[in-house]
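Content type compact mmCIF, C-alpha atoms, from the file my_file.txt:
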# COMPACT_ATOMS: atom_id res chain seq x y z
CA MET A 1 16.91 -73.04 -143.00
CA ALA A 2 16.38 -69.67 -141.31
CA VAL A 3 13.68 -67.07 -141.47
CA LYS A 4 14.30 -63.39 -140.92
CA ILE A 5 11.82 -61.67 -138.63
CA VAL A 6 11.73 -57.89 -138.72
CA ARG A 7 10.45 -56.50 -135.44
CA GLN A 8 7.60 -54.02 -135.92
CA VAL A 9 7.61 -52.04 -132.69
CA LYS A 10 4.34 -50.27 -133.48
CA SER A 11 2.47 -53.44 -134.46
CA ILE A 12 0.30 -55.50 -132.13
CA ALA A 13 -1.48 -58.71 -133.08
CA LEU A 14 -4.55 -59.20 -130.89
CA LEU A 15 -5.68 -62.79 -130.39
CA GLY A 16 -8.63 -64.01 -128.31
CA ALA A 17 -8.48 -67.33 -126.45
CA PRO A 18 -11.85 -67.58 -124.68
CA THR A 19 -11.46 -70.51 -122.33
CA SER A 20 -12.14 -71.53 -118.77
CA ALA A 21 -11.67 -75.25 -119.45
CA ALA A 22 -8.43 -75.53 -117.46
CA GLY A 23 -9.86 -73.78 -114.40
CA LEU A 24 -12.28 -74.67 -111.65
CA ALA A 25 -15.21 -72.47 -112.69
CA SER A 26 -16.72 -70.91 -115.78
CA GLY A 27 -16.72 -67.21 -116.65
CA GLN A 28 -13.17 -66.57 -117.82
CA GLU A 29 -14.14 -67.55 -121.35
CA GLY A 30 -15.90 -64.17 -121.54
CA ALA A 31 -12.70 -62.17 -121.00
CA PRO A 32 -11.74 -61.47 -124.64
CA GLY A 33 -15.20 -60.19 -125.49
CA ALA A 34 -15.44 -58.05 -122.36
CA LEU A 35 -12.03 -56.43 -122.97
CA ARG A 36 -12.92 -55.71 -126.59
CA SER A 37 -16.19 -54.14 -125.40
CA ALA A 38 -14.20 -52.02 -122.93
CA GLY A 39 -12.46 -50.38 -125.88
CA LEU A 40 -9.10 -52.12 -125.90
CA LEU A 41 -8.64 -52.00 -129.69
CA ASP A 42 -9.55 -48.33 -129.90
CA ARG A 43 -7.27 -47.42 -126.98
CA LEU A 44 -4.34 -49.25 -128.56
CA ALA A 45 -4.93 -47.51 -131.89
CA ARG A 46 -5.25 -44.07 -130.28
CA THR A 47 -2.02 -44.71 -128.39
CA GLY A 48 -0.25 -45.15 -131.71
CA PHE A 49 -0.20 -48.90 -132.29
CA GLN A 50 -1.16 -50.57 -135.54
CA VAL A 51 -3.46 -53.38 -134.41
CA SER A 52 -4.19 -56.52 -136.41
CA ASP A 53 -7.14 -58.35 -134.90
CA TYR A 54 -6.89 -62.11 -135.39
CA GLY A 55 -10.28 -62.70 -133.79
CA ASP A 56 -11.19 -65.27 -131.18
CA CYS A 57 -10.76 -69.02 -131.05
CA LYS A 58 -13.79 -71.17 -130.36
CA ALA A 59 -14.88 -70.81 -126.74
CA ARG A 60 -14.09 -73.67 -124.38
CA VAL A 61 -16.01 -73.62 -121.10
CA TYR A 62 -15.29 -75.31 -117.79
CA LYS A 63 -17.42 -78.33 -117.00
CA ALA A 64 -17.32 -81.06 -114.40
CA ASP A 65 -15.13 -83.91 -115.63
CA ASP A 66 -15.11 -86.73 -113.14
CA GLU A 67 -13.74 -89.12 -115.76
CA HIS A 68 -10.38 -87.32 -115.60
CA PRO A 69 -9.99 -86.36 -111.92
CA LYS A 70 -6.26 -85.62 -112.27
CA ALA A 71 -6.51 -83.65 -115.53
CA ARG A 72 -9.99 -82.22 -115.92
CA ASN A 73 -11.13 -81.16 -119.39
CA VAL A 74 -7.75 -81.99 -120.88
CA SER A 75 -9.19 -82.64 -124.35
CA GLU A 76 -10.83 -79.19 -124.43
CA VAL A 77 -7.66 -77.54 -123.20
CA LEU A 78 -5.64 -79.29 -125.88
CA ALA A 79 -8.16 -78.30 -128.55
CA ILE A 80 -7.83 -74.57 -127.93
CA LEU A 81 -4.05 -74.84 -127.78
CA GLU A 82 -4.03 -76.52 -131.18
CA GLU A 83 -6.30 -73.81 -132.59
CA LEU A 84 -4.36 -70.92 -131.08
CA ARG A 85 -0.81 -72.05 -131.80
CA PRO A 86 -0.81 -71.50 -135.61
CA LYS A 87 -2.33 -68.04 -135.11
CA VAL A 88 0.53 -67.15 -132.78
CA GLU A 89 3.03 -68.50 -135.31
CA ILE A 90 1.66 -66.19 -138.01
CA ALA A 91 1.62 -63.22 -135.65
CA VAL A 92 5.21 -63.81 -134.55
CA LYS A 93 6.39 -64.15 -138.13
CA SER A 94 4.73 -60.82 -139.01
CA GLY A 95 7.00 -59.05 -136.52
CA ALA A 96 4.10 -57.82 -134.41
CA LEU A 97 3.81 -58.37 -130.67
CA PRO A 98 1.09 -60.98 -130.06
CA VAL A 99 -1.18 -59.90 -127.19
CA ILE A 100 -3.30 -62.88 -126.25
CA LEU A 101 -6.53 -62.21 -124.38
CA GLY A 102 -6.95 -65.49 -122.56
CA GLY A 103 -9.29 -66.90 -120.02
CA ASP A 104 -7.25 -69.36 -117.97
CA ASP A 105 -3.46 -69.68 -117.86
CA SER A 106 -3.24 -72.76 -120.09
CA VAL A 107 -3.12 -70.69 -123.28
CA VAL A 108 0.45 -69.68 -122.48
CA LEU A 109 1.54 -73.08 -123.84
CA ALA A 110 0.29 -72.10 -127.31
CA ALA A 111 2.02 -68.72 -127.03
CA ILE A 112 5.37 -70.34 -126.22
CA ALA A 113 4.98 -73.05 -128.86
CA GLY A 114 4.08 -70.45 -131.49
CA ALA A 115 7.18 -68.42 -130.63
CA ARG A 116 9.39 -71.49 -130.65
CA ARG A 117 8.43 -72.12 -134.25
CA TYR A 118 10.91 -69.37 -135.07
CA TYR A 119 13.08 -69.04 -131.97
CA ARG A 120 15.20 -71.89 -130.69
CA HIS A 121 15.30 -70.64 -127.13
CA VAL A 122 12.29 -68.99 -125.42
CA SER A 123 12.07 -68.10 -121.72
CA LEU A 124 8.99 -67.49 -119.56
CA ILE A 125 8.05 -64.94 -116.91
CA SER A 126 4.83 -65.73 -115.06
CA LEU A 127 3.18 -63.05 -112.90
CA ASP A 128 0.79 -65.13 -110.85
CA ARG A 129 -0.25 -65.44 -107.23
CA ASP A 130 -0.15 -69.24 -107.62
CA ALA A 131 3.01 -71.16 -108.36
CA GLY A 132 1.48 -73.46 -110.99
CA LEU A 133 3.81 -76.28 -109.96
CA ASN A 134 1.37 -79.05 -109.12
CA VAL A 135 1.42 -82.22 -111.22
CA PRO A 136 -1.25 -84.89 -111.77
CA ALA A 137 0.21 -86.97 -108.95
CA THR A 138 -0.06 -84.13 -106.40
CA THR A 139 -3.02 -82.05 -107.52
CA PRO A 140 -5.96 -82.14 -105.09
CA SER A 141 -8.36 -80.79 -107.72
CA GLY A 142 -7.29 -81.94 -111.17
CA CYS A 143 -7.24 -78.29 -112.26
CA LEU A 144 -4.87 -78.02 -115.23
CA ASP A 145 -4.55 -74.29 -114.67
CA GLY A 146 -2.83 -75.05 -111.37
CA MET A 147 -0.14 -77.08 -113.16
CA VAL A 148 0.67 -74.65 -115.97
CA ILE A 149 4.36 -74.18 -115.13
CA SER A 150 4.73 -77.95 -114.80
CA HIS A 151 3.23 -78.41 -118.28
CA VAL A 152 5.71 -75.88 -119.67
CA THR A 153 8.73 -77.51 -118.04
CA GLY A 154 7.77 -81.07 -118.97
CA ARG A 155 6.38 -82.35 -115.65
CA GLY A 156 2.64 -81.81 -116.08
CA ALA A 157 -0.21 -83.71 -117.71
CA PRO A 158 1.26 -85.98 -120.42
CA GLU A 159 -1.17 -84.73 -123.07
CA LEU A 160 -0.04 -81.15 -122.54
CA VAL A 161 3.64 -82.00 -122.16
CA ARG A 162 3.46 -83.79 -125.52
CA PHE A 163 1.82 -80.73 -127.08
CA TRP A 164 5.39 -79.71 -127.89
CA GLY A 165 7.00 -82.60 -129.70
CA GLU A 166 10.31 -82.39 -127.88
CA PRO A 167 9.64 -81.23 -124.29
CA PRO A 168 10.21 -79.15 -122.39
CA LEU A 169 8.79 -76.01 -123.94
CA VAL A 170 11.00 -74.00 -121.57
CA ARG A 171 13.89 -75.22 -119.43
CA GLU A 172 13.44 -74.67 -115.71
CA PRO A 173 16.41 -72.26 -115.36
CA ASP A 174 14.70 -70.06 -117.95
CA VAL A 175 11.45 -69.71 -115.99
CA ALA A 176 10.68 -67.01 -113.41
CA ILE A 177 7.49 -67.18 -111.35
CA PHE A 178 6.97 -63.68 -110.05
CA GLY A 179 4.66 -62.50 -107.26
CA ILE A 180 3.70 -65.88 -105.82
CA ASP A 181 1.69 -65.80 -102.61
CA ARG A 182 -0.11 -69.18 -102.57
CA VAL A 183 1.98 -72.35 -102.62
CA ASP A 184 0.91 -75.91 -101.83
CA GLU A 185 3.28 -78.17 -99.90
CA PRO A 186 4.32 -80.30 -102.92
CA GLU A 187 4.94 -77.10 -104.90
CA GLN A 188 7.05 -75.68 -102.08
CA LYS A 189 9.20 -78.81 -101.98
CA TRP A 190 9.76 -78.67 -105.72
CA LEU A 191 10.50 -74.95 -105.70
CA VAL A 192 13.26 -75.42 -103.12
CA ARG A 193 15.16 -77.94 -105.25
CA SER A 194 14.28 -76.69 -108.72
CA PRO A 195 16.55 -74.39 -110.76
CA LEU A 196 13.59 -72.25 -111.78
CA HIS A 197 13.45 -68.80 -110.19
CA GLY A 198 10.74 -68.03 -107.63
CA TYR A 199 9.94 -64.51 -106.40
CA LEU A 200 7.58 -64.24 -103.44
CA ALA A 201 5.24 -61.28 -103.30
CA ILE A 202 6.33 -60.48 -99.76
CA ASP A 203 9.96 -60.16 -100.88
CA LEU A 204 9.09 -58.10 -103.96
CA LYS A 205 7.32 -55.55 -101.78
CA LYS A 206 10.46 -55.14 -99.70
CA ARG A 207 12.93 -54.98 -102.58
CA GLY A 208 10.82 -52.99 -105.02
CA PRO A 209 9.03 -54.68 -107.94
CA ALA A 210 10.93 -52.82 -110.68
CA ALA A 211 14.36 -53.81 -109.33
CA ALA A 212 13.23 -57.40 -108.84
CA ALA A 213 11.78 -57.47 -112.35
CA GLN A 214 15.11 -56.40 -113.81
CA GLU A 215 16.87 -59.12 -111.83
CA ALA A 216 14.35 -61.70 -113.04
CA LEU A 217 15.09 -60.74 -116.63
CA GLU A 218 18.76 -61.42 -116.09
CA THR A 219 18.36 -64.70 -114.23
CA MET A 220 16.02 -66.28 -116.78
CA HIS A 221 17.94 -64.84 -119.75
CA GLY A 222 15.12 -62.53 -120.86
CA SER A 223 17.58 -59.79 -121.71
CA ARG A 224 19.36 -62.09 -124.19
CA HIS A 225 16.66 -64.45 -125.47
CA GLU A 226 13.05 -64.03 -126.51
CA PHE A 227 10.60 -64.50 -123.68
CA VAL A 228 6.86 -64.86 -123.18
CA LEU A 229 5.17 -62.88 -120.42
CA LEU A 230 2.15 -64.37 -118.64
CA LEU A 231 0.01 -62.05 -116.51
CA ASP A 232 -2.61 -63.78 -114.37
CA LEU A 233 -4.62 -60.96 -112.87
CA ASP A 234 -5.14 -62.78 -109.59
CA VAL A 235 -1.59 -61.63 -108.78
CA VAL A 236 -3.19 -58.25 -107.98
CA ALA A 237 -4.49 -57.86 -104.44
CA LEU A 238 -8.22 -58.19 -103.86
CA GLU A 239 -8.39 -54.61 -102.65
CA ASP A 240 -7.37 -53.37 -106.12
CA PHE A 241 -8.82 -56.03 -108.40
CA ALA A 242 -11.48 -58.56 -107.43
CA ALA A 243 -12.77 -59.79 -110.82
CA THR A 244 -10.93 -63.10 -110.71
CA ASN A 245 -12.10 -66.55 -109.67
CA TYR A 246 -10.02 -66.62 -106.49
CA PRO A 247 -8.95 -63.12 -105.45
CA GLY A 248 -6.92 -62.73 -102.29
CA SER A 249 -5.78 -60.03 -99.92
CA GLY A 250 -2.10 -59.29 -99.61
CA GLY A 251 0.15 -60.04 -102.52
CA LEU A 252 1.02 -57.20 -104.88
CA SER A 253 -0.93 -54.00 -105.30
CA LEU A 254 -2.06 -52.88 -108.73
CA ASP A 255 0.66 -50.23 -108.78
CA GLU A 256 3.35 -52.77 -107.84
CA VAL A 257 2.20 -55.06 -110.64
CA ARG A 258 2.26 -52.08 -113.01
CA GLN A 259 5.85 -51.27 -112.02
CA ALA A 260 7.03 -54.82 -112.70
CA LEU A 261 5.09 -55.07 -115.96
CA ALA A 262 6.58 -51.81 -117.18
CA VAL A 263 10.06 -53.32 -116.92
CA PHE A 264 9.08 -56.54 -118.68
CA ALA A 265 6.95 -54.98 -121.41
CA ARG A 266 9.56 -52.51 -122.64
CA GLN A 267 12.05 -55.26 -123.45
CA PRO A 268 12.68 -55.68 -127.19
CA ASN A 269 12.94 -59.46 -126.66
CA LEU A 270 9.34 -59.75 -125.45
CA VAL A 271 7.86 -62.10 -128.03
CA ALA A 272 4.30 -62.52 -126.68
CA LEU A 273 2.12 -61.20 -123.86
CA VAL A 274 -0.59 -63.46 -122.43
CA LEU A 275 -3.35 -62.01 -120.26
CA ALA A 276 -5.31 -64.44 -118.08
CA GLY A 277 -7.42 -64.65 -114.96
CA TYR A 278 -10.01 -61.91 -115.60
CA ASN A 279 -13.60 -63.10 -115.11
CA PRO A 280 -16.20 -60.64 -116.44
CA ALA A 281 -18.93 -62.58 -114.64
CA ARG A 282 -17.50 -61.03 -111.47
CA ASP A 283 -17.38 -57.55 -112.99
CA ASN A 284 -21.00 -56.42 -113.11
CA ASP A 285 -20.27 -52.73 -113.68
CA GLY A 286 -17.38 -53.23 -116.09
CA ASN A 287 -14.95 -51.24 -113.95
CA ALA A 288 -12.48 -54.13 -113.71
CA ALA A 289 -12.33 -54.39 -117.51
CA LYS A 290 -11.43 -50.69 -117.66
CA ILE A 291 -8.67 -51.28 -115.09
CA VAL A 292 -7.23 -54.05 -117.27
CA VAL A 293 -7.35 -51.91 -120.42
CA ASP A 294 -5.69 -48.99 -118.61
CA LEU A 295 -2.99 -51.32 -117.28
CA LEU A 296 -2.21 -52.71 -120.72
CA ILE A 297 -2.00 -49.26 -122.27
CA ASP A 298 0.22 -47.98 -119.44
CA VAL A 299 2.78 -50.73 -119.84
CA LEU A 300 2.72 -51.10 -123.63
CA ALA A 301 2.80 -47.41 -124.61
CA PRO A 302 6.52 -46.97 -123.74
CA ARG A 303 7.37 -49.50 -126.47
CA LEU A 304 6.56 -46.76 -128.96
CA GLN A 305 9.50 -44.77 -127.61
CA ALA A 306 11.89 -47.45 -128.83
CA THR A 307 14.81 -46.22 -130.87
CA LEU A 308 14.96 -46.58 -134.62
CA ALA A 309 17.53 -49.30 -134.10
CA ASP A 310 15.06 -51.27 -132.00
CA SER A 311 12.31 -50.86 -134.58
CA SER A 312 14.51 -52.25 -137.33
CA GLU A 313 16.03 -55.02 -135.23
CA THR A 314 16.02 -58.39 -136.95
CA ALA A 315 16.40 -61.93 -135.73
CA THR A 316 17.49 -65.00 -137.66
CA PRO A 317 16.69 -67.98 -135.46
CA THR A 318 17.49 -71.46 -136.66
CA VAL A 319 14.43 -73.46 -137.65
CA GLY A 320 14.27 -77.19 -138.25
CA THR A 321 13.41 -78.19 -141.80
CA GLU A 322 10.54 -80.28 -140.44
CA GLU A 323 8.69 -77.07 -139.54
CA GLY A 324 7.24 -76.50 -142.99
CA PRO A 325 8.05 -75.92 -146.65
CA ALA A 326 10.26 -73.02 -147.61
CA ASN A 327 8.86 -70.57 -150.13
CA ALA A 328 10.75 -69.02 -153.03
CA SER A 329 12.29 -66.35 -150.83
CA GLY A 330 13.68 -68.93 -148.42
CA ASN A 331 11.24 -68.09 -145.63
CA ILE A 332 9.45 -70.94 -143.94
CA GLU A 333 5.69 -70.73 -144.05
CA PRO A 334 3.81 -71.65 -140.86
CA ALA A 335 2.36 -75.14 -140.85
CA ALA A 336 -1.41 -75.50 -141.07
CA GLY A 337 -1.60 -77.26 -137.73
CA PRO A 338 0.38 -77.80 -134.54
CA THR A 339 2.23 -80.88 -135.74
CA SER A 340 5.63 -79.38 -136.51
CA ALA A 341 8.71 -80.43 -134.59
CA PRO A 342 10.70 -77.92 -132.59
CA ALA A 343 14.21 -76.75 -133.22
CA ASN A 344 16.86 -78.45 -131.13
CA PRO A 345 17.37 -77.02 -127.65
CA SER A 346 20.07 -74.40 -127.32
CA SER A 347 23.52 -75.72 -126.59
CA GLU A 348 24.18 -72.79 -124.31
CA SER A 349 25.01 -73.80 -120.77
CA PRO A 350 22.12 -72.68 -118.52
CA ASP A 351 22.52 -70.70 -115.36
CA PHE A 352 21.34 -73.04 -112.65
CA ALA A 353 21.37 -70.52 -109.81
CA ALA A 354 18.03 -70.67 -108.03
CA ASP A 355 16.50 -67.40 -106.91
CA ALA A 356 13.81 -68.75 -104.59
CA SER A 357 13.64 -66.62 -101.48
CA GLU A 358 14.57 -67.98 -98.10
CA SER A 359 11.48 -66.35 -96.65
CA ALA A 360 8.84 -68.72 -95.36
CA LEU A 361 6.19 -69.36 -97.97
CA PRO A 362 2.84 -67.85 -96.99
CA GLY A 363 0.02 -69.90 -95.62
CA GLU A 364 -0.15 -73.40 -94.23
CA PRO A 365 0.06 -75.86 -97.14
CA SER A 366 -2.95 -78.11 -97.41
CA ASP A 367 -4.84 -80.03 -100.07
CA ALA A 368 -8.10 -78.85 -98.55
CA ALA A 369 -9.11 -75.22 -99.01
CA SER A 370 -9.59 -73.30 -95.78
CA GLU A 371 -12.66 -71.14 -95.30
CA GLY A 372 -12.53 -68.08 -97.52
CA GLU A 373 -9.56 -69.36 -99.48
CA PRO A 374 -9.58 -70.73 -103.03
CA PRO A 375 -9.44 -74.49 -103.47
CA ALA A 376 -5.94 -75.81 -103.92
CA GLU A 377 -5.05 -76.28 -107.55

Render the structure in this file as structure tokens.
Amino acid sequence: MAVKIVRQVKSIALLGAPTSAAGLASGQEGAPGALRSAGLLDRLARTGFQVSDYGDCKARVYKADDEHPKARNVSEVLAILEELRPKVEIAVKSGALPVILGGDDSVVLAAIAGARRYYRHVSLISLDRDAGLNVPATTPSGCLDGMVISHVTGRGAPELVRFWGEPPLVREPDVAIFGIDRVDEPEQKWLVRSPLHGYLAIDLKKRGPAAAAQEALETMHGSRHEFVLLLDLDVVALEDFAATNYPGSGGLSLDEVRQALAVFARQPNLVALVLAGYNPARDNDGNAAKIVVDLLIDVLAPRLQATLADSSETATPTVGTEEGPANASGNIEPAAGPTSAPANPSSESPDFAADASESALPGEPSDAASEGEPPAE
């Protein structure tokens, strides 16, 4: 059974995922509300988009969880994923671009799972200062946010790996982690031998972020398959954006991030955009929220220049019959909850060429945070 999805280039589905449960501090759960208050909906509408507001999920807030030292707050993280996933499914089916205003990075799992309801093969680009490659056995903090790429690729916390009934959510060769500047020793070891594609911030600055972004699209098949884009705002250097839990100097400037995002966001195969990492509790004057809104408008507006062919582009992905009942027109209606099984993995032979740079990874790996540095995740 297949469902035809008609891409609506002018349509955006706005979804709020107010959570800090997967992080190491509270505050990020306020991000959706702060960005709405900063005028995001109005700016999108004035730019020319037709915005459908799906509202916010129930807020999940970070709390100490000594009972689960290797996977803190995992039940709360799983709860918001289960609430968000069916909303993403409906948004994807509508043909709109889901823009998910998240708190921590964990919500990207629901974005990918929602897209995979209709697309057999979904890739991931993660713009993040941190690699997200820790696992419960190596994490020094139990922070699930610091394992997000591992959850996606089937190596993370079992509860989150099983969130998708047939892991992994994304195969490692179809993942690009872009702009990394903080890597723990176990993450570095995995990155060297993994087929996923790692792009260090220091190398991107030398090569040019736009050119590197185009290469990343090719290596993780984003130019041929649907992909989800995760933007964790701590990828932006402290000097340009400080309203994150663990900002850092160096890394990519705001303009460099904008250049890379512009390449990713104009792709017709972009199936969902997830925004994470903004903490309004660290933005007393609201200027950081305005920066985020301006950034989103800058990179999304060019989508309106898409050709008529792009705007009428259709996709007919194969969907397993377990996903839900077909209606009279032959379309499959989204299931009420996140219990549906995924389509079988693509039979296409993956490109296993690793793109990790040979440059030395920044910093001295350590489980203990040095003075002035964020705790290792």

For a quick check of understanding, using only C-alpha atoms, which of A:Arg282, A:His151, A:Lys206, A:Lys87 has the smallest distance to Gln28 (chain A)? A:Arg282

Straight-line distance linking CA of Leu300 (chain A) with CA of Ser253 (chain A), stated in Å to one decimal: 18.9 Å

Nearby residues (all atoms listed in the file) at most 7 Å from Glu76 (chain A), same-chain spacing under 4 positions excluded, as a PyMOL selection string: chain A and resi 21+60+80

Taking into account all atoms listed in the file, which residue in the set A:Pro209, A:Leu124, A:His68, A:Arg117 is nearest to Leu252 (chain A)?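 Of the candidates, the smallest distance to Leu252 (chain A) is held by A:Pro209.
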
Pick from A:Leu127, A:Leu97, A:Ile12, A:Leu238 nearest to Leu204 (chain A), counting all atoms listed in the file: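 Closest candidate: A:Leu127.
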
Do you have the CA of Val299 (chain A)-CA of Arg258 (chain A) distance handy? 7.0 Å

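For the residues A:Val92, A:Val3, A:Leu275, A:Val293, ranking by smallest atom-to-atom distance to Gly16 (chain A) using all atoms listed in the file places A:Leu275 first.
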